[in-house]
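Engineer: Please find one structure pasted underneath; my questions will follow.
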Amino acid sequence: MRGSTDPTGPPVPPDPPPEPPPGRIVAWLGRFGPLAVAYAVFQALVGLLPESLFGDAARYSLAVVSGVGTGACAWLAGALLRARAAARGQGPEDGEGGEDGDGSGDGAGDGLDGVPSPRGPRTAAAPSAAAAAPGPGRPGPLPGLSAASYATLADRLTVFDDPLRGRLTGWPHDLDEQPTPIRPTATGTAYGLHIALELGAPDGRLRASELVETLWRLRLPEGGWAARSQGVVGRPEVTALVLGALARAGADPQRLAAEAERCTARFSRELEPAGVEMTHVVTTVLRGLLRAAPESPALPILRDALVDGAVTDPARGHRRCWGARLTPLRGRAVTPSSVHTAQAVVALDRAARLFGEDANARASREEGVRWLLSCPGPAHDGCEDLESSHDTVRRPHPVDASRHEVLSVRHFASAWVMRALLTPGAVATAADEGQEAAWQELLSGAAASVWRQQEGGIWSWDGGDLAYPMWMTYQGLSALRAHAVWMYQPGT
């Protein structure tokens, strides 16, 4: 092990009105005049106290004590005013990411082997709003958060000598897996590569070339990649994830195209009946191929299958949206889902920018955006649409036909909603229909929800073991950074 182990931050409520500046007399007294104040009080009391008050010694003693006490109070008042002024943005330590400088602003302790402890629920609209709100000329909290994320990932990077595949450098699925060293997995390493590329890898602790080589070494003998729980057959959603990360890192296009062709050849209703019916699987494959094989003939087919799988929601004006499945299961109706609608909007928007869209695809994509904007929740940083969820992908076991291969997939809802709302198509739809206020409100709530679920730049899934999945940190970081880029205004 090396070491041990889809504005410039999330939106916050409007800044409160500035406090009135400290009185000049009080500030002067606090900074320069404690001795003068003490002497003035002493002289006044000596002149005012009656001489009959237990003699001169008692009178002078009382005056001395009162003068010293008043001078100390004046000094403390001045110090307090100076400290409050520094906290409003005039001190050199401001904008470094919270009390302990780790980018979290929450001050919670570390958990297992340095992985930040999960934070509890918060009721404020945005956590640490005072610390997170950047002032003029001050950085927001995102640089500190990014630095903390990078430091944890570098600390948790694993080097494992596999007797069959050689030297593997990467991460397991989760950051708190024990004992060490842990054998890197394709899923964990692919998301780690995405994070390294997202953060720009400011030093040599995370080398994209080593991560790329590890992913190629983890390729299964018959092609493709699979999750650790899936066995020896490549699965389309994991293969597409890895191919997307490799393409982003600049891997050989011909090699990527060959793997993409194998992936699409196997992704059929005959060979993958479970996968082709799942919104998560289809959108993941579509996004991965858009990066790795932009000329693949399978892309329009996948896009059309996604469009055909939309459903209408009577509760939201019969707008089109998506659920977990593209086809109903045993005649049961598909339940609309914000996570899957957001995934579909992201995938359709990227496809439209690459090879265009017909009228039906455009209408479905725009309807999905309208469905998201019609969220009825009263407080969008904690509404039902932002509640994370999970899918179960059940397939026949590739070796033992009497068993099933079960993959549990968790979804970071608020991050997906952010990514969907930040697509160019969603922005255009909101502007064309005068929904900018609803768009901004939902985006701000989703960003606050994303921010609230991290600690020290690492996102945690509440409850159970393996609470620090690599995918969640990637999705949280990428959503916040996309929001920061979108909100950037030169000169402000």
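Identifiers for the structure tokens are assigned positionally: chains receive A, B, ... in sequence, residues are indexed from 1 per chain, and ligands are indexed from 1 in the order shown.
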Report as a ChimeraX atom specification: the residues of region 211-393 of chain A with a DSSP assignment of strand (DSSP E), based on the backbone of this structure.

Structural biologist: /A:311-313,319-321,389-393

Engineer: Excluding same-chain residues fewer than 3 positions from Ser478 (chain A), what lies within 10 Å of it counting only C-alpha atoms, as a PyMOL selection string?

Structural biologist: chain A and resi 6+194-195+198-199+415+418-419+472-475+481-484

Engineer: Given the choices A:Glu272, A:Glu441, A:Asp203, A:Glu433, which gets closest to Asp381 (chain A) if the distance is worked out from only C-alpha atoms?

Structural biologist: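 Distance minimum relative to Asp381 (chain A) lands on A:Glu441.
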
Engineer: Just the residues within 12 Å of Arg287 (chain A), please, counting only C-alpha atoms, with nothing from its chain fewer than 2 positions along; format it as an NGL selection string.

Structural biologist: :A and (6 or 236-245 or 247-248 or 260 or 280-285 or 289-294 or 298-299 or 302-303 or 306 or 343-352 or 354)

Engineer: Selected residues, C-alpha atoms, written as an mmCIF file, in the first residue's frame, please.

Structural biologist:
data_model
loop_
_atom_site.group_PDB
_atom_site.id
_atom_site.type_symbol
_atom_site.label_atom_id
_atom_site.label_comp_id
_atom_site.auth_asym_id
_atom_site.auth_seq_id
_atom_site.Cartn_x
_atom_site.Cartn_y
_atom_site.Cartn_z
ATOM 1 C CA ASP A 6 -22.799 12.243 -14.035
ATOM 2 C CA PRO A 236 -21.998 -4.296 -19.901
ATOM 3 C CA GLU A 237 -22.469 -1.708 -17.169
ATOM 4 C CA VAL A 238 -19.027 -2.335 -15.630
ATOM 5 C CA THR A 239 -17.360 -2.651 -19.031
ATOM 6 C CA ALA A 240 -18.851 0.673 -20.154
ATOM 7 C CA LEU A 241 -17.738 2.335 -16.908
ATOM 8 C CA VAL A 242 -14.158 1.152 -17.372
ATOM 9 C CA LEU A 243 -14.102 2.049 -21.067
ATOM 10 C CA GLY A 244 -15.345 5.537 -20.278
ATOM 11 C CA ALA A 245 -12.581 6.061 -17.708
ATOM 12 C CA ALA A 247 -11.142 6.914 -22.907
ATOM 13 C CA ARG A 248 -11.066 9.950 -20.632
ATOM 14 C CA ALA A 260 -16.678 -1.558 -27.124
ATOM 15 C CA HIS A 280 -29.390 2.187 -14.997
ATOM 16 C CA VAL A 281 -27.665 -0.408 -17.179
ATOM 17 C CA VAL A 282 -28.767 1.101 -20.506
ATOM 18 C CA THR A 283 -27.825 4.664 -19.530
ATOM 19 C CA THR A 284 -24.458 3.530 -18.160
ATOM 20 C CA VAL A 285 -23.627 1.684 -21.372
ATOM 21 C CA LEU A 289 -19.796 4.248 -25.343
ATOM 22 C CA LEU A 290 -20.289 7.935 -26.064
ATOM 23 C CA ARG A 291 -16.819 8.448 -24.617
ATOM 24 C CA ALA A 292 -15.062 5.295 -25.720
ATOM 25 C CA ALA A 293 -16.655 4.573 -29.128
ATOM 26 C CA PRO A 294 -18.421 7.699 -30.426
ATOM 27 C CA ALA A 298 -25.089 0.764 -31.290
ATOM 28 C CA LEU A 299 -25.458 4.302 -29.913
ATOM 29 C CA LEU A 302 -29.490 2.378 -27.229
ATOM 30 C CA ARG A 303 -30.823 5.931 -27.403
ATOM 31 C CA LEU A 306 -34.132 4.530 -23.682
ATOM 32 C CA GLN A 343 -29.842 9.422 -15.619
ATOM 33 C CA ALA A 344 -31.913 9.302 -18.793
ATOM 34 C CA VAL A 345 -31.790 13.097 -19.244
ATOM 35 C CA VAL A 346 -27.987 13.101 -18.908
ATOM 36 C CA ALA A 347 -27.529 10.228 -21.367
ATOM 37 C CA LEU A 348 -29.973 11.666 -23.936
ATOM 38 C CA ASP A 349 -28.427 15.124 -23.722
ATOM 39 C CA ARG A 350 -24.922 13.769 -24.343
ATOM 40 C CA ALA A 351 -26.173 11.645 -27.235
ATOM 41 C CA ALA A 352 -27.932 14.645 -28.790
ATOM 42 C CA LEU A 354 -22.781 13.885 -30.364
#

Engineer: Run DSSP on the backbone and tell me which residues of region 201-389 of chain A come out as alpha helix (DSSP H); list them as a short mmCIF file (atom, residue, chain, number, x, y, z; two decimals) with N, CA, C and O atoms, in the first residue's frame.

Structural biologist:
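Below is the file result-v7.cif, written as the result:
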data_model
loop_
_atom_site.label_atom_id
_atom_site.label_comp_id
_atom_site.auth_asym_id
_atom_site.auth_seq_id
_atom_site.Cartn_x
_atom_site.Cartn_y
_atom_site.Cartn_z
N ALA A 208 -2.02 8.53 -13.56
CA ALA A 208 -3.06 8.00 -14.44
C ALA A 208 -2.55 6.81 -15.25
O ALA A 208 -3.30 5.86 -15.50
N SER A 209 -1.28 6.84 -15.65
CA SER A 209 -0.74 5.74 -16.45
C SER A 209 -0.77 4.42 -15.69
O SER A 209 -1.08 3.36 -16.26
N GLU A 210 -0.47 4.44 -14.38
CA GLU A 210 -0.51 3.22 -13.58
C GLU A 210 -1.94 2.71 -13.44
O GLU A 210 -2.19 1.50 -13.48
N LEU A 211 -2.88 3.64 -13.26
CA LEU A 211 -4.28 3.23 -13.12
C LEU A 211 -4.81 2.66 -14.42
O LEU A 211 -5.56 1.67 -14.42
N VAL A 212 -4.43 3.26 -15.54
CA VAL A 212 -4.85 2.74 -16.84
C VAL A 212 -4.30 1.33 -17.06
O VAL A 212 -5.03 0.42 -17.49
N GLU A 213 -3.04 1.14 -16.76
CA GLU A 213 -2.44 -0.18 -16.94
C GLU A 213 -3.11 -1.22 -16.04
O GLU A 213 -3.34 -2.37 -16.45
N THR A 214 -3.45 -0.82 -14.82
CA THR A 214 -4.14 -1.75 -13.92
C THR A 214 -5.50 -2.15 -14.49
O THR A 214 -5.88 -3.33 -14.43
N LEU A 215 -6.24 -1.20 -15.02
CA LEU A 215 -7.54 -1.54 -15.58
C LEU A 215 -7.41 -2.52 -16.75
O LEU A 215 -8.22 -3.46 -16.88
N TRP A 216 -6.42 -2.34 -17.60
CA TRP A 216 -6.22 -3.30 -18.69
C TRP A 216 -5.85 -4.68 -18.13
O TRP A 216 -6.28 -5.71 -18.67
N ARG A 217 -5.06 -4.72 -17.05
CA ARG A 217 -4.69 -6.01 -16.47
C ARG A 217 -5.87 -6.71 -15.80
O ARG A 217 -5.88 -7.93 -15.66
N PRO A 236 -22.03 -5.52 -19.10
CA PRO A 236 -22.00 -4.30 -19.90
C PRO A 236 -21.87 -3.02 -19.09
O PRO A 236 -21.17 -2.09 -19.50
N GLU A 237 -22.53 -2.95 -17.93
CA GLU A 237 -22.47 -1.71 -17.17
C GLU A 237 -21.08 -1.46 -16.61
O GLU A 237 -20.59 -0.31 -16.58
N VAL A 238 -20.39 -2.51 -16.15
CA VAL A 238 -19.03 -2.34 -15.63
C VAL A 238 -18.05 -2.11 -16.78
O VAL A 238 -17.15 -1.27 -16.69
N THR A 239 -18.23 -2.84 -17.87
CA THR A 239 -17.36 -2.65 -19.03
C THR A 239 -17.46 -1.22 -19.55
O THR A 239 -16.45 -0.57 -19.86
N ALA A 240 -18.67 -0.70 -19.67
CA ALA A 240 -18.85 0.67 -20.15
C ALA A 240 -18.23 1.68 -19.19
O ALA A 240 -17.64 2.69 -19.62
N LEU A 241 -18.36 1.45 -17.89
CA LEU A 241 -17.74 2.33 -16.91
C LEU A 241 -16.23 2.37 -17.11
O LEU A 241 -15.62 3.45 -17.15
N VAL A 242 -15.60 1.21 -17.21
CA VAL A 242 -14.16 1.15 -17.37
C VAL A 242 -13.73 1.78 -18.70
O VAL A 242 -12.76 2.56 -18.76
N LEU A 243 -14.45 1.47 -19.77
CA LEU A 243 -14.10 2.05 -21.07
C LEU A 243 -14.22 3.57 -21.05
O LEU A 243 -13.38 4.28 -21.64
N GLY A 244 -15.22 4.09 -20.37
CA GLY A 244 -15.35 5.54 -20.28
C GLY A 244 -14.18 6.17 -19.54
O GLY A 244 -13.66 7.22 -19.95
N ALA A 245 -13.73 5.53 -18.45
CA ALA A 245 -12.58 6.06 -17.71
C ALA A 245 -11.31 5.96 -18.54
O ALA A 245 -10.49 6.89 -18.56
N LEU A 246 -11.12 4.84 -19.23
CA LEU A 246 -9.94 4.68 -20.07
C LEU A 246 -9.92 5.71 -21.21
O LEU A 246 -8.88 6.29 -21.54
N ALA A 247 -11.07 5.93 -21.83
CA ALA A 247 -11.14 6.91 -22.91
C ALA A 247 -10.83 8.30 -22.39
O ALA A 247 -10.12 9.08 -23.04
N ARG A 248 -11.33 8.63 -21.21
CA ARG A 248 -11.07 9.95 -20.63
C ARG A 248 -9.58 10.14 -20.34
O ARG A 248 -9.06 11.25 -20.40
N PRO A 253 -7.38 4.40 -28.87
CA PRO A 253 -8.75 4.35 -29.40
C PRO A 253 -9.09 3.04 -30.08
O PRO A 253 -10.23 2.58 -29.99
N GLN A 254 -8.13 2.43 -30.78
CA GLN A 254 -8.42 1.17 -31.46
C GLN A 254 -8.70 0.06 -30.45
O GLN A 254 -9.60 -0.76 -30.65
N ARG A 255 -7.93 0.05 -29.41
CA ARG A 255 -8.15 -0.97 -28.37
C ARG A 255 -9.50 -0.75 -27.69
O ARG A 255 -10.23 -1.69 -27.40
N LEU A 256 -9.83 0.52 -27.46
CA LEU A 256 -11.13 0.83 -26.86
C LEU A 256 -12.27 0.42 -27.79
O LEU A 256 -13.27 -0.13 -27.33
N ALA A 257 -12.11 0.70 -29.08
CA ALA A 257 -13.17 0.36 -30.03
C ALA A 257 -13.41 -1.14 -30.10
O ALA A 257 -14.56 -1.60 -30.20
N ALA A 258 -12.34 -1.92 -30.02
CA ALA A 258 -12.49 -3.37 -30.05
C ALA A 258 -13.26 -3.87 -28.83
O ALA A 258 -14.14 -4.74 -28.94
N GLU A 259 -12.94 -3.33 -27.65
CA GLU A 259 -13.65 -3.74 -26.44
C GLU A 259 -15.10 -3.26 -26.48
O GLU A 259 -16.01 -3.96 -26.03
N ALA A 260 -15.31 -2.06 -27.03
CA ALA A 260 -16.68 -1.56 -27.12
C ALA A 260 -17.53 -2.43 -28.04
O ALA A 260 -18.70 -2.68 -27.77
N GLU A 261 -16.93 -2.92 -29.11
CA GLU A 261 -17.67 -3.79 -30.02
C GLU A 261 -18.04 -5.09 -29.35
O GLU A 261 -19.16 -5.61 -29.53
N ARG A 262 -17.12 -5.67 -28.55
CA ARG A 262 -17.45 -6.89 -27.81
C ARG A 262 -18.59 -6.63 -26.83
O ARG A 262 -19.49 -7.46 -26.65
N CYS A 263 -18.54 -5.46 -26.19
CA CYS A 263 -19.57 -5.12 -25.20
C CYS A 263 -20.93 -5.02 -25.86
O CYS A 263 -21.92 -5.61 -25.38
N THR A 264 -21.03 -4.31 -26.98
CA THR A 264 -22.34 -4.14 -27.63
C THR A 264 -22.83 -5.44 -28.27
O THR A 264 -24.04 -5.67 -28.33
N ALA A 265 -21.90 -6.29 -28.71
CA ALA A 265 -22.33 -7.56 -29.30
C ALA A 265 -23.01 -8.44 -28.27
O ALA A 265 -23.92 -9.23 -28.60
N ARG A 266 -22.57 -8.33 -27.03
CA ARG A 266 -23.17 -9.14 -25.96
C ARG A 266 -24.39 -8.48 -25.33
O ARG A 266 -25.14 -9.14 -24.59
N THR A 279 -32.98 0.68 -16.60
CA THR A 279 -32.60 2.04 -16.99
C THR A 279 -31.17 2.34 -16.62
O THR A 279 -30.41 2.94 -17.41
N HIS A 280 -30.76 1.93 -15.44
CA HIS A 280 -29.39 2.19 -15.00
C HIS A 280 -28.38 1.55 -15.93
O HIS A 280 -27.38 2.18 -16.32
N VAL A 281 -28.62 0.30 -16.32
CA VAL A 281 -27.67 -0.41 -17.18
C VAL A 281 -27.60 0.24 -18.56
O VAL A 281 -26.51 0.51 -19.09
N VAL A 282 -28.75 0.53 -19.16
CA VAL A 282 -28.77 1.10 -20.51
C VAL A 282 -28.12 2.48 -20.52
O VAL A 282 -27.32 2.80 -21.41
N THR A 283 -28.43 3.33 -19.55
CA THR A 283 -27.82 4.66 -19.53
C THR A 283 -26.33 4.60 -19.25
O THR A 283 -25.56 5.39 -19.81
N THR A 284 -25.89 3.66 -18.42
CA THR A 284 -24.46 3.53 -18.16
C THR A 284 -23.71 3.10 -19.42
O THR A 284 -22.64 3.63 -19.74
N VAL A 285 -24.26 2.12 -20.14
CA VAL A 285 -23.63 1.68 -21.37
C VAL A 285 -23.61 2.82 -22.40
O VAL A 285 -22.60 3.05 -23.08
N LEU A 286 -24.70 3.53 -22.52
CA LEU A 286 -24.77 4.63 -23.47
C LEU A 286 -23.73 5.70 -23.15
O LEU A 286 -23.01 6.17 -24.04
N ARG A 287 -23.61 6.10 -21.90
CA ARG A 287 -22.64 7.13 -21.52
C ARG A 287 -21.22 6.65 -21.77
O ARG A 287 -20.36 7.40 -22.25
N GLY A 288 -20.93 5.39 -21.41
CA GLY A 288 -19.58 4.87 -21.60
C GLY A 288 -19.19 4.80 -23.06
O GLY A 288 -18.06 5.16 -23.44
N LEU A 289 -20.11 4.36 -23.92
CA LEU A 289 -19.80 4.25 -25.34
C LEU A 289 -19.68 5.62 -26.00
O LEU A 289 -18.93 5.79 -26.97
N LEU A 290 -20.43 6.59 -25.52
CA LEU A 290 -20.29 7.94 -26.06
C LEU A 290 -18.87 8.46 -25.90
O LEU A 290 -18.37 9.22 -26.75
N ARG A 291 -18.21 8.04 -24.84
CA ARG A 291 -16.82 8.45 -24.62
C ARG A 291 -15.84 7.55 -25.35
O ARG A 291 -14.88 8.01 -25.96
N ALA A 292 -16.07 6.25 -25.25
CA ALA A 292 -15.06 5.29 -25.72
C ALA A 292 -15.21 4.96 -27.20
O ALA A 292 -14.20 4.64 -27.86
N ALA A 298 -24.16 1.14 -32.35
CA ALA A 298 -25.09 0.76 -31.29
C ALA A 298 -25.66 1.98 -30.56
O ALA A 298 -26.68 1.86 -29.88
N LEU A 299 -25.02 3.14 -30.69
CA LEU A 299 -25.46 4.30 -29.91
C LEU A 299 -26.89 4.73 -30.24
O LEU A 299 -27.70 4.92 -29.32
N PRO A 300 -27.26 4.91 -31.52
CA PRO A 300 -28.67 5.27 -31.79
C PRO A 300 -29.67 4.21 -31.32
O PRO A 300 -30.77 4.55 -30.89
N ILE A 301 -29.27 2.95 -31.38
CA ILE A 301 -30.17 1.88 -30.92
C ILE A 301 -30.41 1.98 -29.43
O ILE A 301 -31.55 1.86 -28.95
N LEU A 302 -29.35 2.22 -28.68
CA LEU A 302 -29.49 2.38 -27.23
C LEU A 302 -30.30 3.62 -26.90
O LEU A 302 -31.15 3.60 -25.99
N ARG A 303 -30.05 4.71 -27.63
CA ARG A 303 -30.82 5.93 -27.40
C ARG A 303 -32.31 5.69 -27.62
O ARG A 303 -33.15 6.09 -26.82
N ASP A 304 -32.66 5.00 -28.71
CA ASP A 304 -34.07 4.74 -29.00
C ASP A 304 -34.71 3.82 -27.97
O ASP A 304 -35.88 4.00 -27.60
N ALA A 305 -33.94 2.83 -27.49
CA ALA A 305 -34.48 1.96 -26.45
C ALA A 305 -34.77 2.74 -25.18
O ALA A 305 -35.78 2.49 -24.48
N LEU A 306 -33.92 3.70 -24.87
CA LEU A 306 -34.13 4.53 -23.68
C LEU A 306 -35.36 5.41 -23.86
O LEU A 306 -36.19 5.54 -22.95
N VAL A 307 -35.52 6.00 -25.03
CA VAL A 307 -36.68 6.84 -25.30
C VAL A 307 -37.96 6.02 -25.22
O VAL A 307 -38.98 6.45 -24.63
N ASP A 308 -37.94 4.84 -25.79
CA ASP A 308 -39.14 3.99 -25.79
C ASP A 308 -39.51 3.53 -24.38
O ASP A 308 -40.67 3.16 -24.13
N SER A 338 -36.92 9.91 -9.75
CA SER A 338 -36.09 11.08 -10.06
C SER A 338 -34.68 10.65 -10.47
O SER A 338 -34.08 11.25 -11.37
N VAL A 339 -34.13 9.63 -9.81
CA VAL A 339 -32.78 9.17 -10.14
C VAL A 339 -32.72 8.69 -11.58
O VAL A 339 -31.83 9.09 -12.35
N HIS A 340 -33.64 7.83 -11.96
CA HIS A 340 -33.60 7.25 -13.30
C HIS A 340 -33.99 8.27 -14.37
O HIS A 340 -33.46 8.23 -15.49
N THR A 341 -34.88 9.19 -14.03
CA THR A 341 -35.18 10.27 -14.97
C THR A 341 -33.94 11.14 -15.19
O THR A 341 -33.63 11.52 -16.33
N ALA A 342 -33.23 11.45 -14.12
CA ALA A 342 -32.01 12.25 -14.26
C ALA A 342 -30.96 11.51 -15.08
O ALA A 342 -30.28 12.10 -15.93
N GLN A 343 -30.80 10.21 -14.83
CA GLN A 343 -29.84 9.42 -15.62
C GLN A 343 -30.20 9.43 -17.10
O GLN A 343 -29.33 9.56 -17.97
N ALA A 344 -31.49 9.30 -17.40
CA ALA A 344 -31.91 9.30 -18.79
C ALA A 344 -31.69 10.67 -19.44
O ALA A 344 -31.24 10.76 -20.59
N VAL A 345 -31.98 11.75 -18.71
CA VAL A 345 -31.79 13.10 -19.24
C VAL A 345 -30.31 13.33 -19.57
O VAL A 345 -29.97 13.88 -20.63
N VAL A 346 -29.42 12.92 -18.67
CA VAL A 346 -27.99 13.10 -18.91
C VAL A 346 -27.55 12.33 -20.14
O VAL A 346 -26.84 12.85 -21.02
N ALA A 347 -27.95 11.06 -20.24
CA ALA A 347 -27.53 10.23 -21.37
C ALA A 347 -28.10 10.76 -22.68
O ALA A 347 -27.38 10.84 -23.70
N LEU A 348 -29.36 11.16 -22.71
CA LEU A 348 -29.97 11.67 -23.94
C LEU A 348 -29.37 13.00 -24.35
O LEU A 348 -29.20 13.28 -25.54
N ASP A 349 -29.04 13.84 -23.39
CA ASP A 349 -28.43 15.12 -23.72
C ASP A 349 -27.04 14.93 -24.35
O ASP A 349 -26.70 15.59 -25.34
N ARG A 350 -26.26 14.02 -23.78
CA ARG A 350 -24.92 13.77 -24.34
C ARG A 350 -25.03 13.15 -25.74
O ARG A 350 -24.25 13.49 -26.63
N ALA A 351 -26.00 12.25 -25.92
CA ALA A 351 -26.17 11.64 -27.23
C ALA A 351 -26.59 12.70 -28.26
O ALA A 351 -26.12 12.69 -29.41
N ALA A 352 -27.47 13.61 -27.86
CA ALA A 352 -27.93 14.64 -28.79
C ALA A 352 -26.78 15.54 -29.23
O ALA A 352 -26.71 15.96 -30.39
N ARG A 353 -25.88 15.83 -28.32
CA ARG A 353 -24.74 16.68 -28.69
C ARG A 353 -23.76 15.96 -29.60
O ARG A 353 -23.04 16.60 -30.36
N LEU A 354 -23.72 14.62 -29.53
CA LEU A 354 -22.78 13.88 -30.36
C LEU A 354 -23.33 13.61 -31.75
O LEU A 354 -22.67 13.88 -32.76
N PHE A 355 -24.57 13.08 -31.84
CA PHE A 355 -25.07 12.71 -33.17
C PHE A 355 -26.49 13.19 -33.43
O PHE A 355 -27.18 12.68 -34.31
N ALA A 359 -37.31 14.18 -33.33
CA ALA A 359 -38.33 14.92 -32.57
C ALA A 359 -38.78 14.14 -31.34
O ALA A 359 -39.01 14.73 -30.27
N ASN A 360 -38.90 12.82 -31.45
CA ASN A 360 -39.36 12.02 -30.32
C ASN A 360 -38.34 12.01 -29.19
O ASN A 360 -38.69 12.14 -28.01
N ALA A 361 -37.06 11.87 -29.55
CA ALA A 361 -36.01 11.87 -28.53
C ALA A 361 -35.93 13.23 -27.84
O ALA A 361 -35.79 13.31 -26.61
N ARG A 362 -36.04 14.28 -28.61
CA ARG A 362 -35.99 15.61 -28.01
C ARG A 362 -37.18 15.84 -27.09
O ARG A 362 -37.02 16.38 -25.98
N ALA A 363 -38.37 15.45 -27.53
CA ALA A 363 -39.54 15.64 -26.69
C ALA A 363 -39.43 14.85 -25.39
O ALA A 363 -39.79 15.34 -24.32
N SER A 364 -38.92 13.62 -25.47
CA SER A 364 -38.76 12.81 -24.25
C SER A 364 -37.75 13.45 -23.31
O SER A 364 -37.98 13.52 -22.09
N ARG A 365 -36.63 13.90 -23.86
CA ARG A 365 -35.62 14.53 -23.01
C ARG A 365 -36.17 15.79 -22.33
O ARG A 365 -35.98 15.99 -21.12
N GLU A 366 -36.85 16.64 -23.09
CA GLU A 366 -37.38 17.87 -22.51
C GLU A 366 -38.49 17.58 -21.51
O GLU A 366 -38.61 18.27 -20.49
N GLU A 367 -39.30 16.56 -21.78
CA GLU A 367 -40.33 16.17 -20.82
C GLU A 367 -39.70 15.68 -19.51
O GLU A 367 -40.23 15.94 -18.43
N GLY A 368 -38.59 14.95 -19.63
CA GLY A 368 -37.89 14.53 -18.41
C GLY A 368 -37.41 15.71 -17.60
O GLY A 368 -37.49 15.71 -16.35
N VAL A 369 -36.92 16.76 -18.26
CA VAL A 369 -36.49 17.97 -17.55
C VAL A 369 -37.69 18.63 -16.88
O VAL A 369 -37.63 19.04 -15.71
N ARG A 370 -38.81 18.75 -17.61
CA ARG A 370 -39.99 19.36 -17.02
C ARG A 370 -40.49 18.56 -15.83
O ARG A 370 -40.98 19.12 -14.84
N TRP A 371 -40.40 17.24 -15.92
CA TRP A 371 -40.83 16.39 -14.79
C TRP A 371 -39.97 16.69 -13.57
O TRP A 371 -40.49 16.81 -12.46
N LEU A 372 -38.66 16.81 -13.74
CA LEU A 372 -37.78 17.13 -12.62
C LEU A 372 -38.11 18.51 -12.04
O LEU A 372 -38.14 18.70 -10.82
N LEU A 373 -38.37 19.48 -12.91
CA LEU A 373 -38.65 20.84 -12.44
C LEU A 373 -39.99 20.93 -11.73
O LEU A 373 -40.23 21.90 -10.99
#

Engineer: Given only C-alpha atoms as the basis, pick out the residue of A:Ala186, A:Pro273, A:Met487, A:Ala310 nearest to Gly234 (chain A).

Structural biologist: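 Residue with the minimum atom-to-atom distance to Gly234 (chain A): A:Ala186.
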
Engineer: Can you tell me how far CA of Leu168 (chain A) sits from CA of Arg156 (chain A), in Å to one decimal?

Structural biologist: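 These atoms are spaced 13.7 Å apart.
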
Engineer: From the options A:Gly250, A:Gly317, A:Gly170, A:Gly476, which residue's atoms come nearest to Ser414 (chain A), counting only C-alpha atoms?

Structural biologist: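 Answer, going by the shortest atom-to-atom distance: A:Gly476.
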
Engineer: With only C-alpha atoms as the atoms that count, which of A:Ala413, A:Leu443, A:Val406, A:Leu422 lies nearest to Ser337 (chain A)?

Structural biologist: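 Distance minimum relative to Ser337 (chain A) lands on A:Ala413.
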
Engineer: Counting only C-alpha atoms, figure out which residue out of A:Val485, A:Leu271, A:Ala154, A:Ala479 gets nearest to Pro398 (chain A).

Structural biologist: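 Comparing A:Val485, A:Leu271, A:Ala154, A:Ala479 against Pro398 (chain A), the winner is A:Leu271.
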
Engineer: Neighbouring residues of Pro376 (chain A) were defined as those with any atom within 10 Å, considering only C-alpha atoms; residues of the same chain fewer than 3 positions away were excluded. Please report them as a list in words.

Structural biologist: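 Final neighbour list, sorted by chain and number: Ala315, Arg316, Leu372, Leu373, Ala379, His380, Cys383, Glu384 and Asp385 of chain A.
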
Engineer: When you draw a straight line from CA of Arg228 (chain A) to CA of Glu405 (chain A), how long is it in Å?

Structural biologist: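 Spanning CA of Arg228 (chain A) to CA of Glu405 (chain A) is a straight-line distance of 11.2 Å.
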